[in-house]
file target_18.cif (mmCIF, C-alpha atoms)
data_coords
loop_
_atom_site.label_atom_id
_atom_site.label_comp_id
_atom_site.auth_asym_id
_atom_site.auth_seq_id
_atom_site.Cartn_x
_atom_site.Cartn_y
_atom_site.Cartn_z
CA MET A 1 116.43 -37.79 252.45
CA GLU A 2 115.69 -35.73 255.55
CA GLY A 3 118.15 -35.92 258.41
CA THR A 4 117.02 -36.33 262.01
CA VAL A 5 118.07 -33.14 263.80
CA ASP A 6 118.56 -33.11 267.56
CA GLY A 7 119.62 -29.90 269.29
CA PHE A 8 119.65 -31.33 272.80
CA ARG A 9 121.98 -34.31 272.58
CA TYR A 10 123.07 -33.93 276.20
CA GLY A 11 119.73 -32.82 277.57
CA ALA A 12 119.65 -29.61 279.56
CA VAL A 13 123.42 -29.51 280.12
CA THR A 14 124.37 -27.56 277.01
CA PRO A 15 121.43 -25.08 277.07
CA VAL A 16 122.05 -24.23 280.73
CA ALA A 17 125.82 -23.91 280.29
CA ALA A 18 125.31 -21.79 277.16
CA TYR A 19 122.87 -19.53 279.00
CA LEU A 20 125.26 -19.04 281.91
CA MET A 21 128.08 -18.03 279.55
CA ALA A 22 125.81 -15.53 277.79
CA CYS A 23 124.89 -14.07 281.19
CA LEU A 24 128.53 -13.90 282.29
CA GLY A 25 129.60 -12.11 279.13
CA GLY A 26 126.64 -9.75 279.38
CA ALA A 27 127.23 -8.97 283.06
CA LEU A 28 130.93 -8.23 282.57
CA GLY A 29 130.29 -6.20 279.45
CA LEU A 30 127.59 -4.08 281.07
CA ARG A 31 129.75 -3.33 284.11
CA CYS A 32 132.70 -2.34 281.92
CA ILE A 33 130.50 0.02 279.89
CA VAL A 34 129.14 1.51 283.11
CA ARG A 35 132.74 2.00 284.27
CA SER A 36 133.50 4.04 281.15
CA LEU A 37 130.53 6.31 281.85
CA ILE A 38 130.81 6.91 285.60
CA ASN A 39 134.34 8.26 285.63
CA GLU A 40 135.43 10.79 283.01
CA GLN A 41 139.05 10.29 284.08
CA SER A 42 139.00 6.62 283.11
CA TRP A 43 140.32 5.40 279.76
CA LYS A 44 136.97 5.26 278.02
CA PRO A 45 138.03 3.46 274.81
CA GLY A 46 139.72 0.73 276.82
CA TRP A 47 136.70 0.07 279.03
CA LEU A 48 134.34 0.11 276.05
CA ALA A 49 136.60 -2.30 274.15
CA LEU A 50 136.78 -4.61 277.16
CA GLY A 51 133.00 -4.50 277.51
CA ALA A 52 132.42 -5.20 273.81
CA THR A 53 134.87 -8.09 273.82
CA SER A 54 133.25 -9.56 276.92
CA ILE A 55 129.77 -9.44 275.40
CA GLY A 56 131.02 -10.75 272.04
CA CYS A 57 132.90 -13.62 273.64
CA GLY A 58 129.89 -14.45 275.80
CA ILE A 59 127.56 -14.61 272.80
CA TRP A 60 130.02 -16.64 270.71
CA THR A 61 130.76 -19.04 273.56
CA MET A 62 127.04 -19.45 274.18
CA HIS A 63 126.49 -20.38 270.53
CA PHE A 64 129.19 -23.03 270.31
CA ILE A 65 128.47 -24.57 273.70
CA ALA A 66 124.91 -24.99 272.46
CA MET A 67 126.23 -26.44 269.19
CA ILE A 68 128.07 -29.17 271.09
CA GLY A 69 124.61 -30.54 271.84
CA PHE A 70 123.57 -30.36 268.16
CA GLN A 71 123.65 -33.51 266.07
CA VAL A 72 122.22 -35.06 262.92
CA GLU A 73 121.76 -38.73 263.70
CA GLU A 74 122.57 -39.99 260.20
CA THR A 75 125.87 -38.14 259.74
CA ARG A 76 128.86 -36.82 261.60
CA ILE A 77 129.36 -33.06 261.94
CA ARG A 78 132.68 -31.30 261.56
CA TYR A 79 133.61 -27.63 261.60
CA ASP A 80 135.70 -25.43 259.34
CA THR A 81 138.32 -23.71 261.49
CA ALA A 82 138.59 -20.47 259.50
CA LEU A 83 134.85 -19.78 259.48
CA THR A 84 134.59 -20.63 263.17
CA VAL A 85 137.31 -18.10 264.03
CA LEU A 86 135.74 -15.55 261.67
CA SER A 87 132.42 -15.87 263.50
CA LEU A 88 134.16 -14.91 266.78
CA ILE A 89 135.81 -11.89 265.16
CA VAL A 90 132.47 -10.77 263.69
CA ALA A 91 130.77 -11.11 267.10
CA ILE A 92 133.37 -8.90 268.81
CA LEU A 93 133.58 -6.29 266.05
CA VAL A 94 129.86 -5.71 265.59
CA VAL A 95 129.19 -5.60 269.32
CA GLY A 96 132.07 -3.13 269.53
CA ILE A 97 130.47 -0.88 266.91
CA GLY A 98 127.21 -0.78 268.85
CA VAL A 99 128.94 -0.25 272.20
CA PHE A 100 131.08 2.62 270.92
CA ILE A 101 128.06 4.32 269.31
CA VAL A 102 126.07 4.40 272.55
CA GLY A 103 129.19 4.92 274.66
CA TYR A 104 129.98 8.20 272.89
CA ARG A 105 126.58 9.31 271.59
CA GLY A 106 124.35 8.13 274.44
CA ALA A 107 121.03 6.31 274.34
CA GLY A 108 119.08 8.73 272.18
CA ALA A 109 116.47 7.18 269.93
CA ALA A 110 118.48 7.57 266.73
CA SER A 111 121.83 6.34 268.06
CA LEU A 112 120.25 3.49 270.04
CA THR A 113 118.26 2.31 267.03
CA LEU A 114 121.30 2.44 264.76
CA ALA A 115 123.51 0.65 267.27
CA GLY A 116 120.85 -1.97 268.03
CA VAL A 117 120.25 -2.78 264.36
CA ILE A 118 123.98 -3.03 263.58
CA THR A 119 124.71 -5.15 266.64
CA GLY A 120 121.65 -7.38 266.16
CA LEU A 121 122.49 -8.04 262.52
CA GLY A 122 126.06 -8.76 263.57
CA VAL A 123 124.95 -11.26 266.21
CA ALA A 124 122.75 -12.97 263.61
CA ALA A 125 125.67 -12.97 261.16
CA MET A 126 127.86 -14.58 263.82
CA HIS A 127 125.26 -17.30 264.33
CA TYR A 128 124.82 -18.11 260.67
CA LEU A 129 128.56 -17.96 260.01
CA GLY A 130 128.96 -20.51 262.78
CA MET A 131 126.30 -22.64 261.11
CA ALA A 132 128.04 -22.25 257.73
CA ALA A 133 131.20 -23.64 259.34
CA MET A 134 129.50 -27.02 259.76
CA ARG A 135 130.62 -29.80 257.42
CA MET A 136 128.46 -32.90 257.04
CA ASN A 137 127.21 -35.36 254.45
CA GLY A 138 124.23 -33.17 253.64
CA ASP A 139 123.00 -29.64 253.04
CA VAL A 140 121.59 -27.31 255.68
CA GLN A 141 118.43 -25.44 254.66
CA TYR A 142 116.46 -22.83 256.57
CA ASP A 143 112.86 -21.79 256.96
CA ALA A 144 112.85 -18.14 255.86
CA SER A 145 110.15 -16.94 258.27
CA THR A 146 111.88 -18.49 261.30
CA VAL A 147 115.20 -16.99 260.21
CA GLY A 148 113.53 -13.59 260.00
CA LEU A 149 112.09 -14.02 263.48
CA SER A 150 115.53 -14.94 264.87
CA ILE A 151 117.02 -11.77 263.34
CA LEU A 152 114.28 -9.62 264.88
CA ILE A 153 114.96 -11.24 268.26
CA ALA A 154 118.69 -10.54 267.83
CA ILE A 155 118.02 -6.86 267.05
CA ALA A 156 115.61 -6.50 269.99
CA ALA A 157 118.07 -8.22 272.34
CA ALA A 158 120.97 -6.06 271.16
CA THR A 159 118.96 -2.84 271.50
CA ALA A 160 117.81 -3.76 275.01
CA ALA A 161 121.35 -4.69 276.05
CA LEU A 162 122.81 -1.43 274.72
CA TRP A 163 120.06 0.59 276.41
CA ALA A 164 120.80 -1.17 279.69
CA ALA A 165 124.51 -0.51 279.24
CA VAL A 166 124.04 3.27 279.30
CA SER A 167 120.93 3.47 281.51
CA VAL A 168 121.48 0.95 284.32
CA ARG A 169 123.97 1.88 287.04
CA GLY A 170 123.48 -0.28 290.13
CA PHE A 171 125.24 -3.63 290.41
CA LEU A 172 122.04 -5.60 291.06
CA MET A 173 120.28 -3.82 288.20
CA SER A 174 123.13 -4.73 285.85
CA LEU A 175 122.99 -8.32 287.07
CA GLY A 176 119.27 -8.48 286.36
CA ALA A 177 119.80 -6.94 282.92
CA SER A 178 122.45 -9.57 282.11
CA LEU A 179 120.07 -12.39 283.09
CA VAL A 180 117.44 -10.99 280.73
CA MET A 181 120.08 -10.55 278.06
CA GLY A 182 121.07 -14.22 278.45
CA VAL A 183 117.45 -15.25 277.90
CA ALA A 184 117.21 -13.09 274.77
CA VAL A 185 120.48 -14.36 273.25
CA SER A 186 119.62 -17.98 274.02
CA GLY A 187 116.13 -17.44 272.63
CA MET A 188 117.60 -16.06 269.42
CA HIS A 189 119.91 -19.06 269.08
CA TYR A 190 117.28 -21.73 269.58
CA THR A 191 114.78 -19.87 267.40
CA ALA A 192 117.39 -19.87 264.63
CA MET A 193 118.06 -23.58 265.21
CA ALA A 194 114.33 -24.29 264.84
CA ALA A 195 114.67 -23.04 261.25
CA VAL A 196 117.19 -25.77 260.36
CA ASP A 197 116.49 -28.72 258.08
CA VAL A 198 119.19 -31.10 256.87
CA HIS A 199 118.90 -32.83 253.51
CA LEU A 200 121.28 -35.77 253.38
CA HIS A 201 123.28 -36.71 250.30
CA SER A 202 122.35 -40.00 248.69
CA SER A 203 125.91 -41.30 248.84
CA ALA A 204 128.48 -40.97 251.57
CA GLY A 205 131.18 -38.51 250.65
CA ALA A 206 134.35 -37.17 252.17
CA TRP A 207 134.33 -33.72 253.73
CA SER A 208 137.00 -31.75 255.51
CA GLY A 209 136.92 -30.08 258.88
CA ASP A 210 137.53 -30.75 262.56
CA SER A 211 135.18 -32.64 264.84
CA PRO A 212 133.31 -30.73 267.56
CA THR A 213 135.43 -32.18 270.35
CA SER A 214 138.75 -31.54 268.57
CA LEU A 215 137.90 -27.99 267.47
CA LEU A 216 135.16 -26.46 269.62
CA LEU A 217 136.37 -27.51 273.05
CA PRO A 218 139.93 -26.14 272.62
CA MET A 219 138.63 -22.97 270.95
CA LEU A 220 136.14 -22.37 273.72
CA LEU A 221 138.95 -22.27 276.27
CA GLY A 222 140.31 -18.98 274.92
CA PRO A 223 137.09 -16.92 275.25
CA ILE A 224 136.25 -18.56 278.57
CA VAL A 225 139.68 -17.70 280.00
CA PHE A 226 139.27 -14.15 278.69
CA LEU A 227 135.90 -13.83 280.43
CA LEU A 228 137.43 -15.08 283.67
CA LEU A 229 140.25 -12.53 283.40
CA ALA A 230 137.74 -9.78 282.65
CA GLY A 231 135.87 -10.92 285.76
CA VAL A 232 139.03 -10.45 287.80
CA VAL A 233 139.41 -6.90 286.46
CA VAL A 234 135.82 -6.12 287.42
CA MET A 235 136.17 -7.69 290.88
CA PHE A 236 139.20 -5.58 291.71
CA ASP A 237 137.65 -2.30 290.60
CA PRO A 238 135.72 -0.82 293.57
CA LEU A 239 133.68 1.51 291.36
CA LEU A 240 132.25 -1.48 289.53
CA VAL A 241 131.68 -3.72 292.53
CA LEU A 242 130.34 -1.26 295.08
CA GLY A 243 128.35 0.94 292.73
CA ASP A 244 127.60 3.44 295.52
CA GLY A 245 128.98 6.71 294.11
CA GLU A 246 127.36 9.77 292.58
CA TRP A 247 126.57 7.81 289.39
CA ASN A 248 124.27 5.49 291.32
CA ARG A 249 121.89 8.23 292.52
CA PRO A 250 118.76 9.41 290.73
CA VAL A 251 119.25 12.34 288.40
CA GLY A 252 118.73 15.64 290.23
CA GLN A 253 119.37 14.23 293.70
CA GLY A 254 121.94 16.22 295.59
CA PRO A 255 124.96 14.88 297.45
CA LYS A 256 124.45 12.77 300.50
CA PRO A 257 123.87 14.85 303.61
CA GLN A 258 126.66 14.94 306.12
CA SER A 259 126.10 12.48 308.92
CA ALA A 260 124.93 13.74 312.28
CA SER A 261 128.03 12.49 314.03
CA ARG A 262 130.27 14.37 311.63
CA ARG A 263 128.18 17.56 312.01
CA GLY A 264 128.27 17.17 315.76
CA ASN A 265 132.01 16.72 315.82
CA SER A 266 132.47 19.70 313.56
CA GLY A 267 130.24 21.86 315.79
CA SER A 268 131.87 20.87 319.03
CA ARG A 269 135.27 21.55 317.55
CA THR A 270 134.17 25.03 316.55
CA GLY A 271 132.71 25.64 320.02
CA ARG A 272 135.99 24.71 321.65
CA TRP A 273 137.80 27.13 319.48
#

call {"tool": "encode", "arguments": {"input": "target_18.cif", "output": "structure tokens"}}
result
Amino acid sequence: MEGTVDGFRYGAVTPVAAYLMACLGGALGLRCIVRSLINEQSWKPGWLALGATSIGCGIWTMHFIAMIGFQVEETRIRYDTALTVLSLIVAILVVGIGVFIVGYRGAGAASLTLAGVITGLGVAAMHYLGMAAMRMNGDVQYDASTVGLSILIAIAAATAALWAAVSVRGFLMSLGASLVMGVAVSGMHYTAMAAVDVHLHSSAGAWSGDSPTSLLLPMLLGPIVFLLLAGVVVMFDPLLVLGDGEWNRPVGQGPKPQSASRRGNSGSRTGRW
């Protein structure tokens, strides 16, 4: 028997909230990566790790906020705690691999392609691990072609995000890149969800796991609090907020000319002496 799948139980609330979390994680992650590149005296591994964790938490939080709106009308859905936690760890680790590759090797074609493929496959793995954590009175099956499309979207989104991380400097440019990144990540998620079919068991059986409200909502608090704390770090770092130093100028452009008032003051002082 086919189950009736609904991915929008609460209407637009969960997709919009999920998108905003993906954008927040992307924006914080991009700014942290920029911070590691604009100042050689900064602790580069720390900024890259903070950026990777921000992006990973944003993607994971986006997924499970969206999953709160997912239901199969004929059966309850529960979640396995261990697999749910593992999906968060995978998201952070694989994003970290991609971030560290481009952070240290730059955005050359080879390194960017390698980092994008690794990160995209990791994001897809996070998604499908999260789906594997579901427990219900039925089996989840996938359309292979739609799954393949979702993986390609994940790789393209990861590659674009990593390119933006090492190529975009200005605050507004990073903000725009994070909005596009949120669209790509959300698009990957809902493309993957379009591949889902649920085949119900003929008889009701017992299955273990925690309900979405008892597991997902408390677990979401941790990554959300982390993203808020990362936001505080970014807000109190002038290099990240202002974005008006040497790193924000086109390549080859010289230093800003001295202002007329300062030249005038300097000249008049010399004349007096």

call {"tool": "resolve_selection", "arguments": {"input": "target_18.cif", "expression": "the PyMOL selection byres ((chain A and resi 127-139) around 9)", "output": "ChimeraX atom specification"}}
result
/A:3,60,63-64,67,72,74-88,90-91,122-126,140-141,189,192,197-210

call {"tool": "residues_around", "arguments": {"input": "target_18.cif", "residues": "stretch 97-114 of chain A", "least_positions_apart": "5", "cutoff": "7 Å", "atoms": "all atoms listed in the file", "output": "VMD selection string"}}
result
chain A and resid 48 52 119 159 162 to 163 166

call {"tool": "residues_around", "arguments": {"input": "target_18.cif", "residues": "A:Ile55", "least_positions_apart": "2", "cutoff": "9 Å", "atoms": "all atoms listed in the file", "output": "ChimeraX atom specification"}}
result
/A:22-30,50-53,57-60,91-92,95-96

call {"tool": "atom_distance", "arguments": {"input": "target_18.cif", "atom1": "atom CA of A:Ala177", "atom2": "atom CA of A:Cys32"}}
result
13.7 Å

call {"tool": "resolve_selection", "arguments": {"input": "target_18.cif", "expression": "the PyMOL selection byres ((chain A and resi 228) around 12)", "output": "list in words"}}
result
Met21, Leu24, Gly25, Ala27, Leu28, Ser54, Cys57, Gly58, Leu221, Gly222, Pro223, Ile224, Val225, Phe226, Leu227, Leu229, Ala230, Gly231, Val232, Val233, Val234 and Met235 of chain A

call {"tool": "atom_distance", "arguments": {"input": "target_18.cif", "atom1": "atom CA of A:Ala194", "atom2": "atom CA of A:Arg9"}}
result
14.8 Å

call {"tool": "resolve_selection", "arguments": {"input": "target_18.cif", "expression": "the PyMOL selection byres ((chain A and resi 19) around 8)", "output": "number ranges by chain"}}
result
A: 15-18, 20-23, 62, 182-183, 186

call {"tool": "write_last_selection", "arguments": {"input": "target_18.cif", "atoms": "C-alpha atoms", "output": "compact mmCIF listing (two decimals), in the coordinates of the input"}}
result
# COMPACT_ATOMS: atom_id res chain seq x y z
CA PRO A 15 121.43 -25.08 277.07
CA VAL A 16 122.05 -24.23 280.73
CA ALA A 17 125.82 -23.91 280.29
CA ALA A 18 125.31 -21.79 277.16
CA LEU A 20 125.26 -19.04 281.91
CA MET A 21 128.08 -18.03 279.55
CA ALA A 22 125.81 -15.53 277.79
CA CYS A 23 124.89 -14.07 281.19
CA MET A 62 127.04 -19.45 274.18
CA GLY A 182 121.07 -14.22 278.45
CA VAL A 183 117.45 -15.25 277.90
CA SER A 186 119.62 -17.98 274.02

call {"tool": "residues_around", "arguments": {"input": "target_18.cif", "residues": "A:Phe8", "least_positions_apart": "3", "cutoff": "7 Å", "atoms": "all atoms listed in the file", "output": "PDB file with C-alpha atoms, in the frame of the given file"}}
result
ATOM      1  CA  GLY A  11     119.730 -32.820 277.570  1.00  0.00           C
ATOM      2  CA  ALA A  12     119.650 -29.610 279.560  1.00  0.00           C
ATOM      3  CA  GLY A  69     124.610 -30.540 271.840  1.00  0.00           C
ATOM      4  CA  PHE A  70     123.570 -30.360 268.160  1.00  0.00           C
TER       5      PHE A  70
END

call {"tool": "atom_distance", "arguments": {"input": "target_18.cif", "atom1": "atom CA of A:Ile68", "atom2": "atom CA of A:Thr14"}}
result
7.2 Å

call {"tool": "closest_residue", "arguments": {"input": "target_18.cif", "among": "A:Gly187, A:Gly7, A:Gly116, A:Gly170", "to": "A:Arg35", "atoms": "all atoms listed in the file"}}
result
A:Gly170

call {"tool": "closest_residue", "arguments": {"input": "target_18.cif", "among": "A:Val13, A:Val34, A:Leu121, A:Met1", "to": "A:Ile151", "atoms": "only C-alpha atoms"}}
result
A:Leu121

call {"tool": "build_atoms", "arguments": {"input": "target_18.cif", "residues": "stretch 3-23 of chain A", "atoms": "N, CA and C atoms", "output": "short mmCIF file (atom, residue, chain, number, x, y, z; two decimals), in the frame of the given file"}}
result
data_model
loop_
_atom_site.label_atom_id
_atom_site.label_comp_id
_atom_site.auth_asym_id
_atom_site.auth_seq_id
_atom_site.Cartn_x
_atom_site.Cartn_y
_atom_site.Cartn_z
N GLY A 3 117.39 -35.49 257.25
CA GLY A 3 118.15 -35.92 258.41
C GLY A 3 117.36 -35.68 259.69
N THR A 4 117.67 -36.47 260.71
CA THR A 4 117.02 -36.33 262.01
C THR A 4 117.85 -35.39 262.88
N VAL A 5 117.34 -34.19 263.08
CA VAL A 5 118.07 -33.14 263.80
C VAL A 5 117.72 -33.18 265.28
N ASP A 6 118.75 -33.14 266.11
CA ASP A 6 118.56 -33.11 267.56
C ASP A 6 119.45 -32.01 268.14
N GLY A 7 118.85 -30.99 268.71
CA GLY A 7 119.62 -29.90 269.29
C GLY A 7 119.92 -30.04 270.76
N PHE A 8 119.48 -31.14 271.36
CA PHE A 8 119.65 -31.33 272.80
C PHE A 8 120.21 -32.71 273.08
N ARG A 9 121.35 -32.99 272.46
CA ARG A 9 121.98 -34.31 272.58
C ARG A 9 122.30 -34.67 274.02
N TYR A 10 122.70 -33.69 274.81
CA TYR A 10 123.07 -33.93 276.20
C TYR A 10 122.03 -33.38 277.17
N GLY A 11 120.80 -33.29 276.71
CA GLY A 11 119.73 -32.82 277.57
C GLY A 11 119.86 -31.36 277.89
N ALA A 12 119.64 -31.01 279.15
CA ALA A 12 119.65 -29.61 279.56
C ALA A 12 121.05 -29.08 279.84
N VAL A 13 122.06 -29.94 279.75
CA VAL A 13 123.42 -29.51 280.12
C VAL A 13 123.90 -28.39 279.22
N THR A 14 123.85 -28.58 277.91
CA THR A 14 124.37 -27.56 277.01
C THR A 14 123.52 -26.27 277.00
N PRO A 15 122.18 -26.34 277.01
CA PRO A 15 121.43 -25.08 277.07
C PRO A 15 121.71 -24.27 278.33
N VAL A 16 121.80 -24.94 279.47
CA VAL A 16 122.05 -24.23 280.73
C VAL A 16 123.45 -23.64 280.74
N ALA A 17 124.45 -24.43 280.32
CA ALA A 17 125.82 -23.91 280.29
C ALA A 17 125.94 -22.75 279.30
N ALA A 18 125.28 -22.87 278.15
CA ALA A 18 125.31 -21.79 277.16
C ALA A 18 124.67 -20.52 277.73
N TYR A 19 123.55 -20.67 278.40
CA TYR A 19 122.87 -19.53 279.00
C TYR A 19 123.75 -18.84 280.04
N LEU A 20 124.40 -19.61 280.87
CA LEU A 20 125.26 -19.04 281.91
C LEU A 20 126.42 -18.25 281.30
N MET A 21 126.99 -18.75 280.19
CA MET A 21 128.08 -18.03 279.55
C MET A 21 127.59 -16.73 278.92
N ALA A 22 126.38 -16.76 278.34
CA ALA A 22 125.81 -15.53 277.79
C ALA A 22 125.58 -14.51 278.90
N CYS A 23 125.10 -14.97 280.05
CA CYS A 23 124.89 -14.07 281.19
C CYS A 23 126.20 -13.51 281.71
#
